[in-house]
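S.K.: Provided herewith: input_2.txt, compact mmCIF, C-alpha atoms.
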```
# COMPACT_ATOMS: atom_id res chain seq x y z
CA MET A 5 14.48 50.24 19.85
CA ASP A 6 13.51 47.40 22.11
CA ASN A 7 9.85 48.31 21.86
CA LYS A 8 9.96 48.33 18.09
CA LYS A 9 11.49 44.89 18.07
CA ARG A 10 8.64 43.59 20.13
CA GLU A 11 6.04 45.04 17.80
CA ILE A 12 7.28 43.16 14.77
CA ALA A 13 7.59 39.83 16.56
CA ILE A 14 5.21 37.24 15.07
CA LYS A 15 2.90 35.81 17.69
CA HIS A 16 1.11 32.57 17.12
CA ASP A 17 -2.63 33.02 17.55
CA ILE A 18 -4.71 29.94 16.81
CA LYS A 19 -7.91 32.00 16.86
CA LYS A 20 -6.85 33.63 13.60
CA ALA A 21 -6.04 30.34 11.87
CA PRO A 22 -8.30 29.28 9.00
CA LYS A 23 -10.87 26.85 10.39
CA THR A 24 -10.45 23.80 8.23
CA GLY A 25 -13.58 22.29 9.76
CA ASN A 26 -15.56 23.63 6.82
CA TRP A 27 -13.83 21.09 4.51
CA ARG A 28 -15.76 18.33 6.20
CA TYR A 29 -18.53 16.38 4.52
CA MET A 30 -18.52 13.41 6.93
CA ARG A 31 -18.52 13.91 10.67
CA PRO A 32 -16.78 11.50 13.07
CA GLU A 33 -18.73 10.68 16.19
CA VAL A 34 -17.36 8.82 19.20
CA ASP A 35 -19.53 6.26 20.93
CA LYS A 36 -18.27 6.86 24.47
CA GLU A 37 -19.76 3.60 25.72
CA LYS A 38 -17.71 1.65 23.19
CA CYS A 39 -14.49 3.69 23.42
CA ILE A 40 -11.86 1.89 25.50
CA GLY A 41 -9.60 4.93 25.88
CA CYS A 42 -6.61 3.34 24.15
CA THR A 43 -5.50 6.66 22.50
CA THR A 44 -4.63 4.89 19.21
CA CYS A 45 -6.49 7.51 17.16
CA VAL A 46 -4.95 10.55 18.83
CA PRO A 47 -1.51 10.80 17.16
CA PHE A 48 -2.77 9.74 13.71
CA CYS A 49 -5.21 12.66 13.38
CA PRO A 50 -3.61 15.02 10.82
CA ASP A 51 -5.34 18.01 12.41
CA VAL A 52 -4.88 17.06 16.07
CA SER A 53 -8.63 17.29 16.70
CA ILE A 54 -8.82 14.37 19.13
CA GLU A 55 -8.24 14.83 22.82
CA MET A 56 -8.71 12.43 25.69
CA LYS A 57 -11.29 13.94 28.03
CA LYS A 58 -12.69 12.90 31.36
CA TRP A 59 -16.03 11.19 30.90
CA LYS A 60 -17.18 9.50 34.10
CA ASP A 61 -15.65 9.06 37.51
CA GLY A 62 -13.65 5.88 37.87
CA GLU A 63 -13.45 5.31 34.11
CA LYS A 64 -10.69 5.91 31.60
CA ASP A 65 -10.57 9.17 29.66
CA LYS A 66 -12.43 8.88 26.37
CA ALA A 67 -11.68 10.29 22.91
CA ASP A 68 -13.36 13.59 22.25
CA ILE A 69 -13.42 15.31 18.87
CA ASP A 70 -13.12 19.03 18.33
CA TYR A 71 -14.83 20.01 15.08
CA ASP A 72 -13.08 23.35 14.52
CA PHE A 73 -10.25 21.89 12.47
CA CYS A 74 -11.46 18.33 11.75
CA LYS A 75 -11.44 17.84 7.96
CA GLY A 76 -13.49 14.66 8.25
CA CYS A 77 -10.93 12.33 6.66
CA GLY A 78 -12.07 9.32 8.71
CA VAL A 79 -8.60 8.13 9.74
CA CYS A 80 -9.70 7.94 13.39
CA ALA A 81 -12.66 5.71 12.49
CA ASP A 82 -10.37 3.46 10.45
CA VAL A 83 -7.67 2.98 13.10
CA CYS A 84 -10.07 2.49 16.03
CA PRO A 85 -9.61 -1.12 17.24
CA VAL A 86 -13.16 -1.39 18.63
CA LYS A 87 -14.93 0.66 15.93
CA ALA A 88 -16.16 3.21 18.45
CA ILE A 89 -15.90 6.08 15.94
CA ARG A 90 -18.49 6.29 13.19
CA MET A 91 -18.48 8.60 10.18
CA LEU A 92 -21.88 10.24 9.78
CA LYS A 93 -23.26 12.42 7.01
CA LYS A 94 -23.60 15.94 8.35
CA MET B 18 -7.78 20.80 19.63
CA ASN B 19 -5.13 18.69 21.27
CA LYS B 20 -2.76 21.32 22.72
CA GLU B 21 0.00 18.88 23.53
CA LEU B 22 0.29 17.62 19.94
CA ALA B 23 -0.19 21.08 18.41
CA LYS B 24 2.84 22.33 20.34
CA ASN B 25 5.16 22.51 17.31
CA PHE B 26 2.90 22.14 14.30
CA ALA B 27 -0.57 23.65 14.59
CA PRO B 28 -3.78 22.57 12.85
CA GLY B 29 -5.33 24.91 10.30
CA HIS B 30 -2.79 23.93 7.63
CA SER B 31 -4.22 22.93 4.28
CA ALA B 32 -2.79 19.44 3.85
CA CYS B 33 -5.29 17.10 2.17
CA GLN B 34 -7.81 15.26 4.30
CA GLY B 35 -6.10 12.14 5.58
CA CYS B 36 -2.55 13.18 4.72
CA GLY B 37 0.33 11.31 6.34
CA PHE B 38 2.97 13.93 7.01
CA PRO B 39 1.44 16.01 9.85
CA ALA B 40 1.81 12.98 12.12
CA ILE B 41 5.43 12.55 11.02
CA VAL B 42 6.34 16.18 11.67
CA ARG B 43 4.67 16.20 15.09
CA THR B 44 6.21 12.92 16.17
CA ILE B 45 9.73 13.93 15.19
CA LEU B 46 9.59 17.45 16.65
CA GLY B 47 7.89 16.08 19.77
CA GLU B 48 11.00 14.05 20.56
CA ALA B 49 13.25 17.10 20.73
CA THR B 50 14.53 18.03 24.16
CA THR B 51 16.26 21.22 23.01
CA PRO B 52 14.96 24.17 20.96
CA ILE B 53 14.75 23.37 17.26
CA VAL B 54 15.25 25.26 14.01
CA VAL B 55 13.52 23.87 10.93
CA ALA B 56 14.38 24.32 7.26
CA ASN B 57 11.91 23.03 4.74
CA ALA B 58 12.39 22.28 1.05
CA THR B 59 9.57 23.14 -1.31
CA GLY B 60 7.02 20.37 -1.40
CA CYS B 61 3.59 19.46 -0.11
CA LEU B 62 4.63 20.15 3.47
CA GLU B 63 5.86 23.64 2.67
CA VAL B 64 3.01 24.80 0.43
CA THR B 65 0.31 23.54 2.78
CA SER B 66 1.77 24.74 6.06
CA THR B 67 2.87 28.25 5.12
CA ILE B 68 0.10 29.85 3.08
CA TYR B 69 0.60 33.58 3.25
CA PRO B 70 -0.07 35.23 5.72
CA TYR B 71 -0.43 32.16 7.93
CA THR B 72 1.99 29.58 9.25
CA ALA B 73 1.39 26.31 11.02
CA TRP B 74 4.90 26.21 12.45
CA LYS B 75 5.46 27.19 16.05
CA VAL B 76 9.20 26.61 15.85
CA PRO B 77 11.69 28.89 14.05
CA TYR B 78 11.24 28.02 10.42
CA ILE B 79 13.17 28.88 7.27
CA HIS B 80 11.69 28.39 3.90
CA ASN B 81 14.05 28.03 0.97
CA ALA B 82 14.00 26.83 -2.61
CA PHE B 83 13.42 23.28 -3.76
CA GLU B 84 17.03 22.18 -3.93
CA ASN B 85 18.76 23.65 -0.90
CA ALA B 86 17.10 22.69 2.40
CA ALA B 87 20.28 20.89 3.46
CA ALA B 88 22.50 23.79 2.38
CA THR B 89 20.33 26.28 4.28
CA ILE B 90 20.37 24.25 7.46
CA SER B 91 24.16 23.81 7.21
CA GLY B 92 24.55 27.58 7.05
CA VAL B 93 22.32 28.07 10.05
CA GLU B 94 24.13 25.38 11.97
CA ARG B 95 27.55 26.90 11.19
CA ALA B 96 26.36 30.36 12.25
CA TYR B 97 25.09 28.87 15.50
CA LYS B 98 28.45 27.20 16.09
CA ALA B 99 30.32 30.44 15.45
CA LEU B 100 28.05 32.42 17.77
CA SER B 101 28.19 29.87 20.55
CA LYS B 102 31.98 29.82 20.27
CA LYS B 103 31.91 33.57 20.87
CA GLY B 104 29.58 33.01 23.81
CA LYS B 105 26.64 34.84 22.27
CA ILE B 106 24.37 31.79 22.33
CA LYS B 107 24.50 29.66 25.45
CA LYS B 108 21.77 27.05 24.94
CA LYS B 109 21.97 23.91 22.87
CA ILE B 110 19.96 24.01 19.65
CA LYS B 111 19.15 21.21 17.22
CA PHE B 112 18.59 21.59 13.49
CA VAL B 113 16.10 19.68 11.38
CA ALA B 114 15.51 19.82 7.64
CA PHE B 115 12.34 18.41 6.09
CA GLY B 116 12.07 17.52 2.44
CA GLY B 117 9.79 15.49 0.25
CA ASP B 118 11.13 12.76 -1.97
CA GLY B 119 11.37 15.13 -4.93
CA GLY B 120 13.41 17.62 -2.91
CA THR B 121 15.64 14.85 -1.58
CA TYR B 122 16.06 12.05 -4.12
CA ASP B 123 16.20 14.32 -7.17
CA ILE B 124 16.46 18.06 -6.81
CA GLY B 125 18.10 18.43 -3.41
CA LEU B 126 20.48 15.49 -3.68
CA GLN B 127 23.66 17.46 -4.23
CA SER B 128 23.05 19.90 -1.36
CA LEU B 129 22.15 16.98 0.91
CA SER B 130 25.29 15.14 -0.10
CA GLY B 131 27.41 18.22 0.56
CA ALA B 132 25.89 18.82 3.98
CA LEU B 133 26.35 15.17 4.99
CA GLU B 134 29.95 15.20 3.86
CA ARG B 135 30.73 18.41 5.78
CA GLY B 136 29.38 16.71 8.88
CA HIS B 137 27.02 19.39 10.15
CA ASP B 138 25.09 18.57 13.29
CA PHE B 139 21.59 18.21 11.82
CA LEU B 140 18.80 15.76 11.12
CA TYR B 141 17.42 15.43 7.61
CA VAL B 142 13.94 13.95 7.30
CA VAL B 143 12.50 12.85 3.98
CA TYR B 144 8.80 12.09 3.94
CA ASP B 145 8.52 9.76 1.00
CA ASN B 146 5.26 9.82 -0.93
CA GLY B 147 6.85 8.63 -4.15
CA GLY B 148 6.40 11.52 -6.54
CA TYR B 149 5.84 15.22 -7.04
CA MET B 150 2.41 15.17 -5.44
CA ASN B 151 2.13 18.90 -4.88
CA THR B 152 2.39 19.73 -8.59
CA GLY B 153 0.06 16.96 -9.68
CA ASN B 154 1.69 13.55 -9.51
CA GLN B 155 4.77 13.60 -11.73
CA ARG B 156 7.22 10.74 -11.37
CA SER B 157 10.30 11.13 -9.17
CA SER B 158 13.14 8.71 -8.69
CA ALA B 159 11.32 7.50 -5.57
CA THR B 160 8.24 6.43 -7.51
CA PRO B 161 7.97 2.65 -7.30
CA TYR B 162 8.25 0.35 -10.31
CA GLY B 163 4.93 -0.07 -12.10
CA ALA B 164 3.18 3.00 -10.69
CA GLY B 165 1.09 5.07 -13.07
CA THR B 166 1.75 8.82 -12.83
CA GLU B 167 1.15 11.84 -15.06
CA THR B 168 4.57 11.51 -16.66
CA THR B 169 4.58 7.71 -16.78
CA PRO B 170 1.02 7.23 -18.03
CA VAL B 171 -0.54 3.81 -18.35
CA GLY B 172 -1.60 2.76 -21.82
CA LYS B 173 -1.23 0.21 -24.56
CA GLU B 174 2.56 0.27 -24.59
CA SER B 175 3.31 1.35 -21.05
CA PHE B 176 2.57 -0.17 -17.65
CA GLY B 177 3.56 2.96 -15.72
CA LYS B 178 7.04 3.62 -14.38
CA MET B 179 9.48 1.17 -15.94
CA GLU B 180 12.46 1.95 -13.73
CA THR B 181 13.22 0.73 -10.23
CA ARG B 182 13.13 3.32 -7.46
CA LYS B 183 16.53 4.29 -6.18
CA SER B 184 17.69 3.56 -2.65
CA ILE B 185 18.27 6.84 -0.84
CA MET B 186 19.37 4.90 2.24
CA GLU B 187 22.30 3.42 0.34
CA ILE B 188 23.24 6.82 -1.05
CA VAL B 189 23.19 8.43 2.39
CA ASN B 190 24.95 5.46 3.94
CA ALA B 191 27.79 5.94 1.45
CA HIS B 192 28.55 9.20 3.31
CA ARG B 193 29.21 7.09 6.44
CA VAL B 194 26.92 9.18 8.62
CA PRO B 195 26.60 8.01 12.25
CA TYR B 196 22.87 7.29 12.19
CA LEU B 197 20.25 6.73 9.51
CA ALA B 198 16.97 4.88 9.59
CA GLN B 199 13.95 3.99 7.54
CA ALA B 200 10.65 4.46 9.37
CA ASN B 201 6.94 4.39 8.64
CA VAL B 202 4.16 6.72 9.73
CA ALA B 203 1.98 3.76 10.74
CA TYR B 204 4.58 2.65 13.31
CA LEU B 205 4.75 5.78 15.43
CA ALA B 206 6.43 4.15 18.43
CA ASP B 207 9.26 3.02 16.16
CA LEU B 208 9.44 6.44 14.51
CA LYS B 209 9.62 8.08 17.95
CA LYS B 210 12.51 5.88 18.99
CA LYS B 211 14.37 6.61 15.76
CA ALA B 212 13.73 10.36 15.96
CA LYS B 213 15.08 10.38 19.51
CA LYS B 214 18.23 8.52 18.49
CA ALA B 215 18.72 10.71 15.42
CA LEU B 216 18.39 13.91 17.45
CA GLU B 217 20.83 12.68 20.08
CA VAL B 218 23.55 11.89 17.57
CA GLU B 219 26.39 14.38 17.20
CA GLY B 220 26.77 15.01 13.48
CA PRO B 221 24.47 14.37 10.56
CA SER B 222 21.61 11.90 10.80
CA PHE B 223 18.94 10.90 8.33
CA LEU B 224 15.39 9.54 8.47
CA ALA B 225 13.37 8.25 5.52
CA VAL B 226 9.71 8.06 6.49
CA PHE B 227 6.95 6.46 4.45
CA SER B 228 4.07 8.88 3.91
CA PRO B 229 1.04 7.75 1.85
CA CYS B 230 -0.62 10.31 -0.42
CA THR B 231 -4.39 9.93 -0.57
CA ASN B 232 -4.88 12.16 -3.59
CA ASN B 233 -2.37 10.77 -6.06
CA TRP B 234 -1.99 7.20 -4.88
CA LYS B 235 -5.74 7.20 -5.28
CA PHE B 236 -7.17 5.67 -2.13
CA PRO B 237 -9.92 6.83 0.26
CA THR B 238 -8.90 9.55 2.71
CA SER B 239 -9.36 7.30 5.74
CA GLN B 240 -6.81 4.70 4.67
CA TYR B 241 -3.33 6.14 5.14
CA VAL B 242 -2.44 4.23 8.30
CA ARG B 243 -3.75 0.95 6.90
CA ILE B 244 -1.80 1.33 3.64
CA ALA B 245 1.39 2.41 5.37
CA ARG B 246 1.14 -0.63 7.65
CA LEU B 247 0.65 -2.93 4.64
CA ALA B 248 3.80 -1.49 3.04
CA THR B 249 5.86 -2.76 5.94
CA GLU B 250 3.94 -6.04 6.34
CA THR B 251 4.63 -6.90 2.70
CA ASN B 252 8.33 -5.94 3.02
CA PHE B 253 7.78 -3.19 0.46
CA TRP B 254 9.08 -0.67 3.02
CA PRO B 255 11.14 -2.52 5.64
CA LEU B 256 11.89 -0.76 8.91
CA TYR B 257 15.60 -0.73 9.64
CA GLU B 258 18.36 1.46 10.93
CA ILE B 259 22.07 1.78 10.27
CA GLU B 260 24.04 2.79 13.31
CA ASN B 261 27.75 3.46 12.68
CA GLY B 262 27.61 1.13 9.68
CA LYS B 263 25.79 -1.65 11.53
CA TYR B 264 22.44 -2.72 10.04
CA ASN B 265 19.55 -3.54 12.31
CA ILE B 266 16.08 -4.63 11.16
CA ASN B 267 13.38 -3.31 13.51
CA TRP B 268 10.35 -5.15 12.24
CA ALA B 269 10.21 -8.56 10.62
CA THR B 270 7.71 -11.33 10.19
CA GLU B 271 8.04 -15.01 9.39
CA LYS B 272 5.44 -14.84 6.65
CA PRO B 273 5.34 -11.51 4.85
CA LYS B 274 2.13 -10.81 2.97
CA PRO B 275 2.28 -10.91 -0.84
CA VAL B 276 2.96 -7.46 -2.27
CA GLU B 277 -0.39 -7.55 -4.13
CA GLU B 278 -2.08 -6.85 -0.81
CA PHE B 279 -0.36 -3.49 -0.73
CA LEU B 280 -0.68 -2.73 -4.45
CA LYS B 281 -4.38 -3.47 -4.72
CA THR B 282 -5.28 -0.78 -2.18
CA GLN B 283 -4.20 1.99 -4.56
CA GLY B 284 -5.49 3.30 -7.86
CA ARG B 285 -2.00 4.02 -9.19
CA PHE B 286 -1.33 0.26 -9.40
CA LYS B 287 -4.79 -0.72 -10.67
CA HIS B 288 -3.57 -1.55 -14.16
CA LEU B 289 -1.13 -4.15 -12.82
CA PHE B 290 -4.04 -6.48 -12.09
CA SER B 291 -5.07 -6.79 -15.73
CA GLU B 292 -4.29 -9.96 -17.68
CA LYS B 293 -1.47 -8.48 -19.77
CA ASN B 294 0.43 -7.03 -16.82
CA LYS B 295 0.74 -10.27 -14.87
CA GLY B 296 4.47 -10.36 -15.59
CA VAL B 297 4.91 -6.89 -14.13
CA LEU B 298 3.21 -7.94 -10.93
CA LYS B 299 5.62 -10.88 -10.63
CA GLU B 300 8.51 -8.52 -11.30
CA VAL B 301 7.37 -6.20 -8.47
CA GLN B 302 7.26 -9.15 -6.07
CA LYS B 303 10.70 -10.27 -7.21
CA LYS B 304 12.15 -6.80 -6.69
CA VAL B 305 10.68 -6.62 -3.17
CA ASP B 306 12.00 -10.08 -2.28
CA ASP B 307 15.46 -9.35 -3.66
CA GLU B 308 15.68 -6.08 -1.78
CA TRP B 309 14.61 -7.80 1.46
CA MET B 310 17.16 -10.60 1.01
CA ARG B 311 19.87 -8.03 0.34
CA LEU B 312 18.93 -6.27 3.56
CA VAL B 313 18.83 -9.49 5.60
CA ASN B 314 22.28 -10.44 4.30
CA LEU B 315 23.64 -7.05 5.35
CA THR B 316 22.48 -7.43 8.96
CA ASP B 317 24.65 -10.50 9.58
```
Show the structure stored in the file as structure tokens.

M.R.:
Amino acid sequence: MDNKKREIAIKHDIKKAPKTGNWRYMRPEVDKEKCIGCTTCVPFCPDVSIEMKKWKDGEKDKADIDYDFCKGCGVCADVCPVKAIRMLKK
Amino acid sequence: MNKELAKNFAPGHSACQGCGFPAIVRTILGEATTPIVVANATGCLEVTSTIYPYTAWKVPYIHNAFENAAATISGVERAYKALSKKGKIKKKIKFVAFGGDGGTYDIGLQSLSGALERGHDFLYVVYDNGGYMNTGNQRSSATPYGAGTETTPVGKESFGKMETRKSIMEIVNAHRVPYLAQANVAYLADLKKKAKKALEVEGPSFLAVFSPCTNNWKFPTSQYVRIARLATETNFWPLYEIENGKYNINWATEKPKPVEEFLKTQGRFKHLFSEKNKGVLKEVQKKVDDEWMRLVNLTD
């Protein structure tokens, strides 16, 4: 009985999720030199595609975009206070 | 993918590019310190996050019909209370219901009112995009005055919606719930604070969150934060909370921007800038000013 219960349990597997990255027609690109690591863009991304990643020793973590789920809406480029994110045609 | 933010609500959902509500859902659920159970009324959030056979939710989630998110969550909450009384559940669990403005202001109003009156321990969140956006932009009672929608079309005789939007905050406040607040997706720090307070409260609490809709408000996909911020800066959507009957304004400015600044960013208000609709534009400004003055008077 216990085993059966385990079999029907729904497990969350992000690898099986539909990759919404193929919706994109404009691609955000971070200029790491310009990025000040303020993290403003991170919570506003509807598809949580922005992560702060280590860039150089002794410097702040910089925004890094994962293109698997990024729909290319451009919100990150709009909210960036130093305009470090540009939207490029693919 | 940002694992920390995807903890409760994963990417891969099919919300429009540049939609406002994923940030709202993540911010509110991120503030929870206990396990959470979510009920969700039919609406954009539900149809985009639970496309068969996928789900974006990583928390226990109950889907129900359009009108009964609050009734469903009250049932779940009562069952939890009964089971914990018997000692079958030991941990503390919080209950959250999400609904759009259609499922809250119009269709789900009576079940919400019932749940608030019975005093269940839950948080109800309405993400307000001012219309039935998921079915193609029909008017709801949250649609602002002057907005053009499919069912209030703009033409020779009509300037869009001719009625004032109703105040859900006043309706909920009439139930004398311990905590309710109006928040905005552009002010996430404020939303976080309010979500935390609302989840800590024993008994019902309510959050109304402004959520721009890129598709049917007709603005570019990159603009939702900018437009949401303008809504508060023009006093169109003031940020305030009501704690045990006491009003508190969370964001105010000496010189609010004219409401045109907010209206001109969206296609649904485009017609208001024509010569013959000048009076309507003045009326919108008057309504916003009156509402703000009413609110200021209540805080004293």

S.K.: Residues of chain A within 8 Å of chain B, counting all atoms listed in the file - could you list those as a list of chain:residue names?

M.R.: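 Selected residues: A:His16, A:Ile18, A:Ala21, A:Pro22, A:Lys23, A:Thr24, A:Pro47, A:Phe48, A:Cys49, A:Pro50, A:Asp51, A:Val52, A:Ser53, A:Ile54, A:Glu55, A:Ile69, A:Asp70, A:Asp72, A:Phe73, A:Lys75, A:Gly76, A:Cys77, A:Gly78, A:Val79, A:Cys80, A:Ala81, A:Asp82, A:Val83.
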
S.K.: Between B:Leu208, B:Lys109, B:Ile188, B:Gly163, which has the minimum distance to B:Tyr97 (counting all atoms listed in the file)?

M.R.: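 Among B:Leu208, B:Lys109, B:Ile188, B:Gly163, it is B:Lys109 that comes nearest to B:Tyr97.
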
S.K.: Can you tell me how far atom CA of B:Glu48 sits from atom CA of B:Lys213, in Å to one decimal?

M.R.: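 Separating atom CA of B:Glu48 from atom CA of B:Lys213 is a distance of 5.6 Å.
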
S.K.: Could you work out how far atom CA of B:Gly136 lies from atom CA of B:Arg95, giving the answer in Å with one decimal?

M.R.: 10.6 Å

S.K.: Could you tell me how far atom CA of A:Asp68 lies from atom CA of A:Ala88, in Å and to one decimal?

M.R.: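 Distance between the two atoms: 11.4 Å.
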
S.K.: Could you check the closest approach to A:Trp27 for each of A:Cys74, A:Met91, A:Cys45, A:Val86 and tell me which residue wins, using all atoms listed in the file?

M.R.: A:Cys74

S.K.: I want to know what sits within 8 Å of B:Ile259, based on all atoms listed in the file, with residues of the same chain fewer than 5 positions away left out; could you give that as number ranges by chain?

M.R.: B: 190, 195-198, 264-265

S.K.: Could those selected residues go to a file with C-alpha atoms, as a CSV table (one decimal), in the frame of the given file?

M.R.:
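Okay, this is what ended up in part.csv:
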```csv
chain,number,residue,atom,x,y,z
B,190,ASN,CA,25.0,5.5,3.9
B,195,PRO,CA,26.6,8.0,12.2
B,196,TYR,CA,22.9,7.3,12.2
B,197,LEU,CA,20.2,6.7,9.5
B,198,ALA,CA,17.0,4.9,9.6
B,264,TYR,CA,22.4,-2.7,10.0
B,265,ASN,CA,19.6,-3.5,12.3
```

S.K.: For a quick check of your reading of the model, name the residues lying within 10 Å of the coordinate (20.3, 16.3, -1.3), counting all atoms listed in the file, and write them as a VMD selection string.

M.R.: chain B and resid 84 to 88 116 118 to 133 141 185 188 to 189

S.K.: Residues around (10.7, 25.3, -1.8), cut-off 7 Å, counting all atoms listed in the file - what are they as a list in words?

M.R.: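 These residues have at least one counted atom within 7 Å: Ala58, Thr59, Gly60, Glu63, His80, Asn81, Ala82 and Phe83 of chain B.
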
S.K.: Would you please take stretch 232-247 of chain B of the structure in the block above and write C-alpha atoms to a file as a PDB file, in the first residue's frame?

M.R.:
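Output saved as decode.pdb:
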```pdb
ATOM      1  CA  ASN B 232      -2.034  42.412 -23.909  1.00  0.00           C
ATOM      2  CA  ASN B 233      -5.316  44.136 -23.176  1.00  0.00           C
ATOM      3  CA  TRP B 234      -4.187  47.414 -21.680  1.00  0.00           C
ATOM      4  CA  LYS B 235      -2.230  47.630 -24.900  1.00  0.00           C
ATOM      5  CA  PHE B 236       1.302  48.607 -23.960  1.00  0.00           C
ATOM      6  CA  PRO B 237       4.709  47.135 -24.901  1.00  0.00           C
ATOM      7  CA  THR B 238       5.680  43.972 -23.023  1.00  0.00           C
ATOM      8  CA  SER B 239       8.619  45.646 -21.289  1.00  0.00           C
ATOM      9  CA  GLN B 240       6.551  48.307 -19.526  1.00  0.00           C
ATOM     10  CA  TYR B 241       4.643  46.672 -16.683  1.00  0.00           C
ATOM     11  CA  VAL B 242       6.821  47.945 -13.849  1.00  0.00           C
ATOM     12  CA  ARG B 243       6.917  51.471 -15.258  1.00  0.00           C
ATOM     13  CA  ILE B 244       3.131  51.620 -15.681  1.00  0.00           C
ATOM     14  CA  ALA B 245       2.426  50.125 -12.268  1.00  0.00           C
ATOM     15  CA  ARG B 246       4.744  52.704 -10.708  1.00  0.00           C
ATOM     16  CA  LEU B 247       2.952  55.526 -12.550  1.00  0.00           C
TER      17      LEU B 247
END
```
